[in-house]
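A short worksheet on the structure shown next.
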Amino acid sequence: MSSVSLSGLRREWVLAVAFVTTALFLLFGKSWLADLSNPLWFALMLVWLFAVIMGSAFAIVHHAESLGARLGEPLGTLVLTLAVIGIEVMMISAVMLTGESKPALARDAMFGVVMIVLNGMIGVSLLLGGLRHREQDYNLRGANSFLSLIVSLTVLGMVLPNFTEASPGPTLSAFQSVFMVVMSVAIYGVFLIIQNWRHRDYFVKPVVGESIAAVEASHGETRSLAYHATLLLMYLLPVVVLAEEIALPIDHGIEVLHAPAALGGFLVAALILSPESLSATRAALANDLQRSINILLGSVLASIGLTIPAVLTIGLVTGKTVVLGLDPANSVLLVLTLAVCGLTFTSNRTNVLMGAVHLLLFLAYVMLLFEH
């Protein structure tokens with residue numbers, strides 16, 4: 001092995017720490033996290049897990065950017081999006097198949113992703129990008145393509161079930177579920193063809209992006225596709241496992257502080273989405289808003305487009321009830337979020353005000369977590 005390869009592997013020491021931490025918590029985590037009443041022990045567990053997750057997230061961003069330099073847009077951001085959301089969907093499916101009955105699990109997870117990304121992450125990206133660059137441009141046709149599917153799938157999946165009469169409660173009948181599964185998979189497949197082949201130019205910056213050499217200068221040299229893709233996936237696995245482990249200290253802290261239980265799921269979802277959040281923010285600060293939009297809107301679309309078919313299929317096969325419809329307050333917030341996104345992306349230039357409005361809606365979502 002060459003000295004260059006050895007030096008490259010030595011820079012991945014965070015991966016070794018992440019895998020050792022993951023192995024230790026898989027072996028001893030149940031006993032370590034069983035009693036967190038000692039404040040020092042609680043702080044040690046929380047800080048340790050948080051530090052490893054965030055270190056892995058920064059490494060994921062580095063390899064995702066290197067892949068983006070090699071693959072170009074939008075395929076580079078699609079790899080990161082599908083890796084993160086794909087693992088999230090597998091986690092939800094595993095809980096549904098092996099865990100206790102949680103009929104609203106998928107709905108809550110999807111709604112959390114939509115609110116965190118469309119309001120929180122887009123708000124931060126537009127705000128920071130606007131503060132540094134005043135106005136930023138992007139390809140309007142690509143954003144509108146994302147939004148046309150996001151609006152359709154979220155309303156059909158999380159609002160319509162409240163008004164159907166073929167099955168009791170905010171659920172879908174077997175026939176409606178089959179329709180949603182087929183329709184979601186088909187339309188998402190068509191979108192991927194449009195995004196990466198037929199109309200790839202919709203999802204590329206209006207101006208020529210950074211070259212590979214520029215990316216190498218900004219965050220280190222890039223290597224082969226296989227090198228970066230393998231390490232990206234290897235870093236993702238500890239993030240997902242440790243995000244589940246950190247849920248126990250988070251829940252303990254919430255109980256001690258008498259905060260709402262839903263806050264725990266929100267914080268875990270935010271940690272899982274941290275690689276995409278960091279990558280999108282870095283891109284906005286570097287005046288590459290197109291990359292931010294590809295990551296953020298792509299993650300919402302992938303979450304909805306992949307989660308709905310997966311959980312409805314599991315419900316049909318196992319006979320488990322799947323609750324998809326949101327309650328009235330969250331339905332209003334979802335529709336308002338989609339409407340504001342439609343207004344934000346009517347012009348091909350953004351500014352600070354747009355980011356501030358999205359952050360306002362994000363704070364409204366957080367407020368409803370505390371007092372519904």
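Each chain in the structure tokens gets a letter, A, B and so on, in the order shown; residues start at 1 in every chain, and ligands are counted from 1 in the order they appear.
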**OP:** Find the residues near Ser224 of chain A: any atom within 9 Å, counting only C-alpha atoms, skip ones fewer than 4 places away on the same chain, and give them as a ChimeraX atom specification.
**Re:** /A:67,70,228-229
**OP:** Apply DSSP to the backbone of this structure and, from segment 184-311 of chain A, keep only the residues in alpha helix (DSSP H); write these as a PyMOL selection string.
**Re:** chain A and resi 184-193+212-219+225-257+262-272+274-285+289-311
**OP:** Could you tell me which of A:Val268, A:Ala259, A:Leu334, A:Val89 comes closest to Ile304 of chain A if we count only C-alpha atoms?
**Re:**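 Closest to Ile304 of chain A of all the choices is A:Val89.
Between atom CA of Leu242 of chain A and atom CA of Phe25 of chain A lies a distance of 8.0 Å.
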Original post:
For Pro249 of chain A, which of A:Leu360, A:Leu49, A:Ile187, A:Val61 is the closest residue, counting only C-alpha atoms?
Top reply: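 The shortest atom-to-atom distance to Pro249 of chain A comes from A:Leu49.
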Subject >> Distance query segment 149-164 of chain A at most 7 Å, only C-alpha atoms, self and fewer than 5 positions along chain excluded, as a PyMOL selection string >> reply: chain A and resi 169-172+301+304+324-326+331+338
May I have the selected residues written with C-alpha atoms, as a PDB file, in the first residue's frame?
ATOM      1  CA  GLY A 169     -59.676   6.653  11.468  1.00  0.00           C
ATOM      2  CA  PRO A 170     -56.820   8.380   9.630  1.00  0.00           C
ATOM      3  CA  THR A 171     -55.940   5.232   7.664  1.00  0.00           C
ATOM      4  CA  LEU A 172     -56.248   3.903   4.111  1.00  0.00           C
ATOM      5  CA  LEU A 301     -39.020  13.595  -1.535  1.00  0.00           C
ATOM      6  CA  ILE A 304     -42.003  10.445   1.518  1.00  0.00           C
ATOM      7  CA  LEU A 324     -50.858   8.164   8.118  1.00  0.00           C
ATOM      8  CA  GLY A 325     -53.248  11.087   8.632  1.00  0.00           C
ATOM      9  CA  LEU A 326     -52.025  14.045  10.701  1.00  0.00           C
ATOM     10  CA  SER A 331     -52.227  19.294   8.954  1.00  0.00           C
ATOM     11  CA  LEU A 338     -45.960  23.622   1.432  1.00  0.00           C
TER      12      LEU A 338
END
Original post:
Skipping near chain neighbours, those fewer than 5 positions away, what residues fall within 9 Å of segment 365-367 of chain A using only C-alpha atoms, listed as an MDAnalysis selection string?
Top reply: chainID A and resid 115:116 119 263 266 330 333 360 372
What would the file look like if the residues just selected were written as an mmCIF file, in the first residue's frame with N, CA and C atoms?
data_model
loop_
_atom_site.group_PDB
_atom_site.id
_atom_site.type_symbol
_atom_site.label_atom_id
_atom_site.label_comp_id
_atom_site.auth_asym_id
_atom_site.auth_seq_id
_atom_site.Cartn_x
_atom_site.Cartn_y
_atom_site.Cartn_z
ATOM 1 N N MET A 115 -40.775 18.772 8.401
ATOM 2 C CA MET A 115 -40.672 20.020 9.152
ATOM 3 C C MET A 115 -39.217 20.433 9.385
ATOM 4 N N ILE A 116 -38.375 19.470 9.728
ATOM 5 C CA ILE A 116 -36.971 19.782 9.985
ATOM 6 C C ILE A 116 -36.292 20.277 8.715
ATOM 7 N N ASN A 119 -38.487 23.478 6.725
ATOM 8 C CA ASN A 119 -38.503 24.718 7.509
ATOM 9 C C ASN A 119 -37.162 25.003 8.175
ATOM 10 N N LEU A 263 -40.350 15.440 21.958
ATOM 11 C CA LEU A 263 -39.094 16.140 21.705
ATOM 12 C C LEU A 263 -37.954 15.155 21.468
ATOM 13 N N PHE A 266 -37.899 14.054 17.868
ATOM 14 C CA PHE A 266 -37.458 15.179 17.049
ATOM 15 C C PHE A 266 -35.933 15.316 17.079
ATOM 16 N N ASN A 330 -51.363 19.866 13.001
ATOM 17 C CA ASN A 330 -50.204 19.552 12.174
ATOM 18 C C ASN A 330 -50.556 19.555 10.691
ATOM 19 N N LEU A 333 -50.245 23.106 9.673
ATOM 20 C CA LEU A 333 -48.840 23.495 9.591
ATOM 21 C C LEU A 333 -48.183 22.904 8.348
ATOM 22 N N LEU A 360 -39.376 30.746 11.020
ATOM 23 C CA LEU A 360 -40.570 31.040 11.809
ATOM 24 C C LEU A 360 -41.489 29.817 11.855
ATOM 25 N N HIS A 372 -49.473 21.325 22.341
ATOM 26 C CA HIS A 372 -50.246 21.041 21.129
ATOM 27 C C HIS A 372 -51.663 21.599 21.254
#
Subject >> Nearest-residue call for Arg141 of chain A, choices A:Asn294, A:Thr318, A:Ser56, A:Ser31, using only C-alpha atoms >> reply: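 Closest to Arg141 of chain A, using only C-alpha atoms: A:Asn294.
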Subject >> Residue contacts of Val117 of chain A (10 Å, only C-alpha atoms) excluding same-chain residues fewer than 4 positions away, as a PyMOL selection string >> reply: chain A and resi 111-113+121-124+270+273+276-277+295-300+358+362
Could you write those residues out with N, CA and C atoms, as an mmCIF file, in the first residue's frame?
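As a result, result.cif now contains:
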data_model
loop_
_atom_site.group_PDB
_atom_site.id
_atom_site.type_symbol
_atom_site.label_atom_id
_atom_site.label_comp_id
_atom_site.auth_asym_id
_atom_site.auth_seq_id
_atom_site.Cartn_x
_atom_site.Cartn_y
_atom_site.Cartn_z
ATOM 1 N N PHE A 111 -43.331 13.270 9.041
ATOM 2 C CA PHE A 111 -43.681 14.652 9.351
ATOM 3 C C PHE A 111 -42.492 15.381 9.982
ATOM 4 N N GLY A 112 -41.760 14.680 10.847
ATOM 5 C CA GLY A 112 -40.572 15.278 11.444
ATOM 6 C C GLY A 112 -39.538 15.655 10.393
ATOM 7 N N VAL A 113 -39.305 14.757 9.429
ATOM 8 C CA VAL A 113 -38.348 15.047 8.353
ATOM 9 C C VAL A 113 -38.810 16.251 7.534
ATOM 10 N N MET A 121 -33.935 23.334 8.052
ATOM 11 C CA MET A 121 -32.702 23.277 7.274
ATOM 12 C C MET A 121 -32.713 24.242 6.094
ATOM 13 N N ILE A 122 -33.864 24.353 5.412
ATOM 14 C CA ILE A 122 -33.949 25.341 4.328
ATOM 15 C C ILE A 122 -33.847 26.753 4.900
ATOM 16 N N GLY A 123 -34.473 26.996 6.056
ATOM 17 C CA GLY A 123 -34.394 28.307 6.680
ATOM 18 C C GLY A 123 -32.975 28.703 7.007
ATOM 19 N N VAL A 124 -32.225 27.788 7.618
ATOM 20 C CA VAL A 124 -30.833 28.083 7.982
ATOM 21 C C VAL A 124 -29.985 28.309 6.726
ATOM 22 N N ALA A 270 -33.261 14.807 14.017
ATOM 23 C CA ALA A 270 -32.330 15.876 13.654
ATOM 24 C C ALA A 270 -30.897 15.352 13.587
ATOM 25 N N LEU A 273 -30.385 13.366 10.408
ATOM 26 C CA LEU A 273 -30.318 14.262 9.247
ATOM 27 C C LEU A 273 -29.114 15.204 9.290
ATOM 28 N N GLU A 276 -26.788 15.634 6.100
ATOM 29 C CA GLU A 276 -27.386 16.417 5.031
ATOM 30 C C GLU A 276 -27.468 17.893 5.422
ATOM 31 N N SER A 277 -27.765 18.162 6.689
ATOM 32 C CA SER A 277 -27.853 19.541 7.147
ATOM 33 C C SER A 277 -26.515 20.252 7.014
ATOM 34 N N ILE A 295 -30.036 18.633 -2.143
ATOM 35 C CA ILE A 295 -29.943 17.811 -0.937
ATOM 36 C C ILE A 295 -31.237 17.875 -0.129
ATOM 37 N N LEU A 296 -31.712 19.094 0.131
ATOM 38 C CA LEU A 296 -32.821 19.273 1.060
ATOM 39 C C LEU A 296 -34.151 18.808 0.474
ATOM 40 N N LEU A 297 -34.505 19.320 -0.700
ATOM 41 C CA LEU A 297 -35.757 18.892 -1.308
ATOM 42 C C LEU A 297 -35.686 17.420 -1.705
ATOM 43 N N GLY A 298 -34.505 16.970 -2.094
ATOM 44 C CA GLY A 298 -34.343 15.557 -2.435
ATOM 45 C C GLY A 298 -34.543 14.642 -1.251
ATOM 46 N N SER A 299 -34.100 15.069 -0.057
ATOM 47 C CA SER A 299 -34.268 14.225 1.131
ATOM 48 C C SER A 299 -35.731 14.120 1.532
ATOM 49 N N VAL A 300 -36.486 15.221 1.421
ATOM 50 C CA VAL A 300 -37.920 15.168 1.736
ATOM 51 C C VAL A 300 -38.647 14.251 0.756
ATOM 52 N N HIS A 358 -39.093 30.693 6.811
ATOM 53 C CA HIS A 358 -39.041 29.240 7.028
ATOM 54 C C HIS A 358 -38.657 28.910 8.472
ATOM 55 N N PHE A 362 -40.597 26.756 11.386
ATOM 56 C CA PHE A 362 -39.913 25.718 12.157
ATOM 57 C C PHE A 362 -40.122 25.929 13.651
#
Original post:
Nearest to Gly265 of chain A among A:Phe146, A:Leu80, A:Leu237, A:Leu369, with distances taken over only C-alpha atoms: which residue is it?
Top reply: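 The closest residue to Gly265 of chain A is A:Leu369.
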Original post:
From the set A:Val84, A:Val340, A:Met45, A:Ala247, which residue has the shortest atom-to-atom contact distance to Ala64 of chain A, counting only C-alpha atoms?
Top reply: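 Under the stated criterion, the closest residue is A:Val84.
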Subject >> Best match for closeness to Leu126 of chain A among A:Val79, A:Ala23, A:Val241, A:Ala284, counting only C-alpha atoms >> reply: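 Using only C-alpha atoms, Leu126 of chain A sits closest to A:Ala284.
Atom CA of Asn139 of chain A is positioned 6.2 Å from atom CA of Tyr202 of chain A.
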**OP:** Would you kindly return, as a PyMOL selection string, each protein, DNA or RNA residue with an atom no farther than 9 Å from any atom of Phe203 of chain A, considering only C-alpha atoms and excluding same-chain residues fewer than 6 positions away?
**Re:** chain A and resi 73-74+138-143+195-196+290-291+293-294
With C-alpha atoms kept, could you save the residues just selected as a compact mmCIF listing (two decimals), in the first residue's frame?
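Output contents, as saved in part03.txt:
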# COMPACT_ATOMS: atom_id res chain seq x y z
CA GLU A 73 -24.83 17.24 -9.90
CA PRO A 74 -27.44 16.02 -9.28
CA TYR A 138 -30.48 28.39 -8.45
CA ASN A 139 -32.29 26.48 -11.19
CA LEU A 140 -35.99 27.22 -10.72
CA ARG A 141 -37.17 24.33 -12.88
CA GLY A 142 -35.44 21.80 -10.66
CA ALA A 143 -36.94 23.20 -7.46
CA GLN A 195 -33.46 14.15 -12.63
CA ASN A 196 -30.49 12.10 -13.76
CA GLN A 290 -28.31 24.53 -6.13
CA ARG A 291 -26.52 21.80 -4.20
CA ILE A 293 -31.74 22.53 -2.81
CA ASN A 294 -30.84 19.18 -4.37
Original post:
Hey, what's within 9 Å of Gly129 of chain A if we count only C-alpha atoms and toss same-chain stuff fewer than 4 positions away? As a ChimeraX atom specification, please?
Top reply: /A:124-125,133-136,281,283-289,350-352,355
